[in-house]
Amino acid sequence: MNARSPVPASDEPTARPVPDDGILQGYAMAAARLQGLDIPDEWWPRILSYLRLALEQTAALRAVRGLPDDPAAVFCP
Amino acid sequence: MTALDIATRTRNGELRAMGVVAEALASLAGAGATLNAFTSLVNDRAMATATRVDEQIAAGNAGGRLAGVPFGAKENFDVAGLTTLAGSVLEHGRPAAGRDAAAIRRLEQAGAVLVGTTNMDEYAYGFTTENSHRGPSRNPHDPSRVAGGSSGGSAAAVAAGLVPLALGTDTNGSVRVPSALCGIFGLKPTFGRVSRAGTLPFVPSLDTVGIFARNVADLAVAFDVLAGPGPEDASGAIGALRIAVAGGYFERGGTSPCLRAVTRVASALGASLRLALPSAGMARAAAFVVTAAEGAQLRLADLRERAKDFDPMTRYRFIAGALLPADAYIAAQRARRAWCQEVKEALAQADVLLAPATPFTAPLIGQREIGLDDGTTVLTQPYLGVYTQPVSFAGLPVVSVPAGQHDGLPVGVQLIARPFAEHSALAVAAHLEHLGYVAPPPRPDLFISRSQC
């Protein structure tokens with residue numbers, strides 16, 4: 001494991017699970033309001049489906065141990 | 001005719017650029033309309049450019065490396081005098097571009113002639129070119145099937161022989177996926193190698209300019225023109241190159257015809273080494289998050305004011321991306337740094353890696369789900385990028401080669417090289433082409449013009 005990694009060395013799972021539908025919808029509606037987005041009701045199921053998928057990917061990334069501290073903010077191969 | 005044949009014969013005076021371009025424009029307006037590959041034709045401009053090429057040659061000038069070669073450009077490239085639409089109605093009414101994109105300027109400085117702009121997924125956010133505003137681009141090998149995306153119009157046009165070259169962009173696979181599904185060659189250069197100036201961005205930390213062609217020599221010359229010459233592009237000399245198969249992740253999750261194509265190519269090259277790349281799945285997850293977050297940020301003003309005008313194929317994904325917490329993006333970029341290191345270590349053991357280009361052959365237009373060999377069902381659109389996304393996430397150059405067919409539909413293989421080593425992938429592609437292992441399938445009769453019979 002990378003010694004500089006903030007990921008704890010314990011065996012405790014580090015991924016926060018994606019919240020249930022009610023919490024996710026509450027978060028998404030608040031975030032949309034903060035972003036200035038006006039979302040018709042009928043769009044929410046599709047949006048929440050994609051948001052859940054993105055958060056599941058994020059949860060999987062959070063669970064990876066030993067990632068470097070510094071993000072690849074300016075990418076150069 | 002290949003691009004190089006056209007250029008050679010134009011420089012020799014056997015052909016006139018005006019004649020070549022006029023024939024291409026006629027084909028695009030005729031058989032080309034069936035494919036819905038082009039969104040606009042620039043007839044007057046093209047004929048004026050072709051006239052200049054002919055006049056320069058008649059005046060004793062040498063003529064460029066691509067003299068008289070007609071080409072198309074994806075609709076997210078600036079074309080002077082046209083509004084850059086990028087497949088969206090949101091861009092209508094915005095000012096026309098004042099000058100051409102750098103890639104178009106480079107090709108035309110070499111004597112090539114832009115004939116029009118090509119269809120794409122809105123803002124390049126897709127793998128199928130099923131654009132709700134424009135209609136889908138169709139696959140020349142079966143018009144009921146998608147051409148792939150997001151540069152699907154460019155790929156369909158080249159595969160049908162309507163133009164020998166076309167420009168595209170590749171963020172997560174948008175050159176490689178349509179190359180594979182249409183059975184042609186496609187090059188996604190190293191991130192940063194070809195200028196993106198004058199293209200409408202989708203994901204700034206991933207976008208690259210790429211090129212489509214029906215043979216490796218055309219692809220290599222076009223790349224030289226776009227990026228400047230490199231060492232032994234497309235020489236076909238692969239003597240010292242070490243070639244390995246990307247194992248693990250890249251050997252699972254696809255249908256057997258696509259996986260077998262890699263085995264055939266590896267066998268032809270005598271490649272027995274397998275490199276596992278265990279974090280490829282993590283890389284795809286991170287690419288998904290980066291794409292969603294960066295893509296949404298660029299479209300945020302329009303999402304606030306005109307969300308209803310977005311293509312329903314992209315609208316909900318853009319909005320979801322705008323709602324992601326910042327730590328999701330940071331986690332993805334940390335994963336990216338780790339992935340780049342893993343890929344660098346793997347490419348210390350091999351010069352070129354082989355991997356499938358797509359998990360299945362061209363799906364039907366409108367096909368929402370598709371079955372895999374293991375009995376699982378996946379969403380067609382996002383899953384098309386399963387093998388391309390991890391590769392572009394590390395910024396690597398890739399040539400997608402047409403490596404056979406299954407049930408009449410093309411299958412592609414990725415040749416992945418180290419950063420800035422496009423010449424290695426092009427050399428392997430040329431070697432395979434010379435041996436007869438990779439080649440575009442024959443074109444359907446509908447798309448062969450009289451002069452080509």
# chains A, B, ... in the order shown; residues from 1 in each chain; ligands from 1
>>> select_by_dssp(residues="range 218-389 of chain B", states="alpha helix (DSSP H)", output="number ranges by chain")
B: 218-227, 256-269, 280-298, 300-306, 312-322, 326-346, 380-383, 389
>>> interface_residues(of="chain B", to="chain A", cutoff="7 Å", atoms="only C-alpha atoms", output="ChimeraX atom specification")
/B:205,282,285,289,303-304,316-317,319-320,323,328,330-338,394-395,419
>>> write_last_selection(atoms="N, CA and C atoms", output="PDB file, in the first residue's frame")
ATOM      1  N   SER B 205     -10.179  16.571 -20.523  1.00  0.00           N
ATOM      2  CA  SER B 205      -8.999  15.797 -20.134  1.00  0.00           C
ATOM      3  C   SER B 205      -8.909  14.462 -20.869  1.00  0.00           C
ATOM      4  N   MET B 282     -11.353  -0.838 -12.810  1.00  0.00           N
ATOM      5  CA  MET B 282     -11.324   0.413 -12.043  1.00  0.00           C
ATOM      6  C   MET B 282     -11.175   1.607 -12.990  1.00  0.00           C
ATOM      7  N   ALA B 285     -14.441   2.445 -14.636  1.00  0.00           N
ATOM      8  CA  ALA B 285     -15.342   3.115 -13.688  1.00  0.00           C
ATOM      9  C   ALA B 285     -14.945   4.581 -13.527  1.00  0.00           C
ATOM     10  N   VAL B 289     -16.914   8.280 -14.529  1.00  0.00           N
ATOM     11  CA  VAL B 289     -17.159   9.402 -13.615  1.00  0.00           C
ATOM     12  C   VAL B 289     -16.551  10.695 -14.168  1.00  0.00           C
ATOM     13  N   LEU B 303     -27.895  23.468 -19.710  1.00  0.00           N
ATOM     14  CA  LEU B 303     -28.771  22.608 -18.892  1.00  0.00           C
ATOM     15  C   LEU B 303     -29.681  23.472 -18.021  1.00  0.00           C
ATOM     16  N   ARG B 304     -29.185  24.628 -17.590  1.00  0.00           N
ATOM     17  CA  ARG B 304     -30.009  25.518 -16.763  1.00  0.00           C
ATOM     18  C   ARG B 304     -31.104  26.187 -17.579  1.00  0.00           C
ATOM     19  N   TYR B 316     -30.276  13.215 -19.844  1.00  0.00           N
ATOM     20  CA  TYR B 316     -30.330  12.728 -18.456  1.00  0.00           C
ATOM     21  C   TYR B 316     -28.934  12.420 -17.917  1.00  0.00           C
ATOM     22  N   ARG B 317     -28.062  11.989 -18.817  1.00  0.00           N
ATOM     23  CA  ARG B 317     -26.681  11.727 -18.376  1.00  0.00           C
ATOM     24  C   ARG B 317     -25.953  13.025 -18.051  1.00  0.00           C
ATOM     25  N   ILE B 319     -27.340  15.791 -16.998  1.00  0.00           N
ATOM     26  CA  ILE B 319     -27.865  16.319 -15.725  1.00  0.00           C
ATOM     27  C   ILE B 319     -27.318  15.509 -14.550  1.00  0.00           C
ATOM     28  N   ALA B 320     -27.312  14.201 -14.666  1.00  0.00           N
ATOM     29  CA  ALA B 320     -26.769  13.371 -13.577  1.00  0.00           C
ATOM     30  C   ALA B 320     -25.316  13.751 -13.302  1.00  0.00           C
ATOM     31  N   LEU B 323     -24.801  16.651 -11.035  1.00  0.00           N
ATOM     32  CA  LEU B 323     -25.184  16.456  -9.629  1.00  0.00           C
ATOM     33  C   LEU B 323     -24.152  15.654  -8.843  1.00  0.00           C
ATOM     34  N   ALA B 328     -16.331  12.529  -5.947  1.00  0.00           N
ATOM     35  CA  ALA B 328     -16.411  11.475  -6.957  1.00  0.00           C
ATOM     36  C   ALA B 328     -15.368  11.739  -8.046  1.00  0.00           C
ATOM     37  N   ILE B 330     -12.658  13.596  -7.784  1.00  0.00           N
ATOM     38  CA  ILE B 330     -11.301  13.472  -7.227  1.00  0.00           C
ATOM     39  C   ILE B 330     -10.906  11.997  -7.102  1.00  0.00           C
ATOM     40  N   ALA B 331     -11.843  11.170  -6.636  1.00  0.00           N
ATOM     41  CA  ALA B 331     -11.548   9.732  -6.525  1.00  0.00           C
ATOM     42  C   ALA B 331     -11.209   9.155  -7.895  1.00  0.00           C
ATOM     43  N   ALA B 332     -11.934   9.599  -8.910  1.00  0.00           N
ATOM     44  CA  ALA B 332     -11.687   9.084 -10.259  1.00  0.00           C
ATOM     45  C   ALA B 332     -10.318   9.522 -10.765  1.00  0.00           C
ATOM     46  N   GLN B 333      -9.933  10.746 -10.467  1.00  0.00           N
ATOM     47  CA  GLN B 333      -8.629  11.223 -10.936  1.00  0.00           C
ATOM     48  C   GLN B 333      -7.471  10.576 -10.159  1.00  0.00           C
ATOM     49  N   ARG B 334      -7.713  10.250  -8.907  1.00  0.00           N
ATOM     50  CA  ARG B 334      -6.682   9.495  -8.170  1.00  0.00           C
ATOM     51  C   ARG B 334      -6.528   8.106  -8.779  1.00  0.00           C
ATOM     52  N   ALA B 335      -7.655   7.497  -9.122  1.00  0.00           N
ATOM     53  CA  ALA B 335      -7.605   6.181  -9.780  1.00  0.00           C
ATOM     54  C   ALA B 335      -6.879   6.283 -11.122  1.00  0.00           C
ATOM     55  N   ARG B 336      -7.073   7.422 -11.782  1.00  0.00           N
ATOM     56  CA  ARG B 336      -6.426   7.604 -13.088  1.00  0.00           C
ATOM     57  C   ARG B 336      -4.910   7.615 -12.963  1.00  0.00           C
ATOM     58  N   ARG B 337      -4.435   8.284 -11.961  1.00  0.00           N
ATOM     59  CA  ARG B 337      -2.974   8.322 -11.783  1.00  0.00           C
ATOM     60  C   ARG B 337      -2.422   6.913 -11.522  1.00  0.00           C
ATOM     61  N   ALA B 338      -3.144   6.151 -10.681  1.00  0.00           N
ATOM     62  CA  ALA B 338      -2.695   4.779 -10.396  1.00  0.00           C
ATOM     63  C   ALA B 338      -2.745   3.920 -11.662  1.00  0.00           C
ATOM     64  N   ALA B 394      -5.826   6.248 -20.112  1.00  0.00           N
ATOM     65  CA  ALA B 394      -4.380   6.411 -19.909  1.00  0.00           C
ATOM     66  C   ALA B 394      -3.748   7.223 -21.037  1.00  0.00           C
ATOM     67  N   GLY B 395      -4.550   7.741 -21.960  1.00  0.00           N
ATOM     68  CA  GLY B 395      -4.038   8.627 -23.004  1.00  0.00           C
ATOM     69  C   GLY B 395      -3.266   7.945 -24.108  1.00  0.00           C
ATOM     70  N   PRO B 419       2.697   5.956 -25.068  1.00  0.00           N
ATOM     71  CA  PRO B 419       2.444   7.351 -25.427  1.00  0.00           C
ATOM     72  C   PRO B 419       3.442   7.844 -26.479  1.00  0.00           C
TER      73      PRO B 419
END
>>> residues_around(residues="Gly385 in chain B", least_positions_apart="3", cutoff="7 Å", atoms="only C-alpha atoms", output="list in words")
Asn172, Gly173, Thr358, Pro382, Thr388 and Gln389 of chain B
>>> write_last_selection(atoms="N, CA and C atoms", output="PDB file, in the first residue's frame")
ATOM      1  N   ASN B 172     -13.721   8.360 -25.350  1.00  0.00           N
ATOM      2  CA  ASN B 172     -13.752   7.058 -24.660  1.00  0.00           C
ATOM      3  C   ASN B 172     -13.733   5.883 -25.634  1.00  0.00           C
ATOM      4  N   GLY B 173     -13.640   6.193 -26.936  1.00  0.00           N
ATOM      5  CA  GLY B 173     -13.678   5.128 -27.942  1.00  0.00           C
ATOM      6  C   GLY B 173     -14.380   5.556 -29.224  1.00  0.00           C
ATOM      7  N   THR B 358     -14.433  -3.871 -29.614  1.00  0.00           N
ATOM      8  CA  THR B 358     -15.810  -3.817 -29.095  1.00  0.00           C
ATOM      9  C   THR B 358     -16.175  -5.200 -28.553  1.00  0.00           C
ATOM     10  N   PRO B 382     -23.781   1.977 -23.499  1.00  0.00           N
ATOM     11  CA  PRO B 382     -22.560   2.188 -22.706  1.00  0.00           C
ATOM     12  C   PRO B 382     -21.579   1.024 -22.793  1.00  0.00           C
ATOM     13  N   THR B 388     -12.531   0.028 -24.854  1.00  0.00           N
ATOM     14  CA  THR B 388     -11.829   1.240 -25.308  1.00  0.00           C
ATOM     15  C   THR B 388     -11.623   2.245 -24.169  1.00  0.00           C
ATOM     16  N   GLN B 389     -12.591   2.309 -23.242  1.00  0.00           N
ATOM     17  CA  GLN B 389     -12.515   3.347 -22.200  1.00  0.00           C
ATOM     18  C   GLN B 389     -11.254   3.251 -21.336  1.00  0.00           C
TER      19      GLN B 389
END
>>> closest_residue(among="B:Arg264, B:Arg99, B:Arg196, B:Arg11", to="Tyr437 in chain B", atoms="only C-alpha atoms")
B:Arg264
>>> atom_distance(atom1="CA of Gly186 in chain B", atom2="CA of Met47 in chain B")
27.0 Å
>>> atom_distance(atom1="CA of Ser400 in chain B", atom2="CA of Glu433 in chain B")
12.2 Å
>>> atom_distance(atom1="CA of Arg145 in chain B", atom2="CA of Thr171 in chain B")
22.4 Å
>>> select_by_dssp(residues="range 141-390 of chain B", states="strand (DSSP E)", output="MDAnalysis selection string")
chainID B and resid 142:146 165:170 185:188 208:213 243:246 273:275 352:356 369:371 377:379
>>> closest_residue(among="B:Cys258, B:Val158, B:Ala222, B:Ala276", to="Val194 in chain B", atoms="only C-alpha atoms")
B:Ala222
>>> residues_around(residues="Glu422 in chain B", least_positions_apart="5", cutoff="7 Å", atoms="only C-alpha atoms", output="number ranges by chain")
B: 189, 397, 417
>>> closest_residue(among="B:Thr255, B:Ser392, B:Thr39, B:Gln414", to="Ile370 in chain B", atoms="only C-alpha atoms")
B:Thr255
>>> closest_residue(among="B:Ala3, B:Val399, B:Ala217, B:Val343", to="Val113 in chain B", atoms="only C-alpha atoms")
B:Ala3
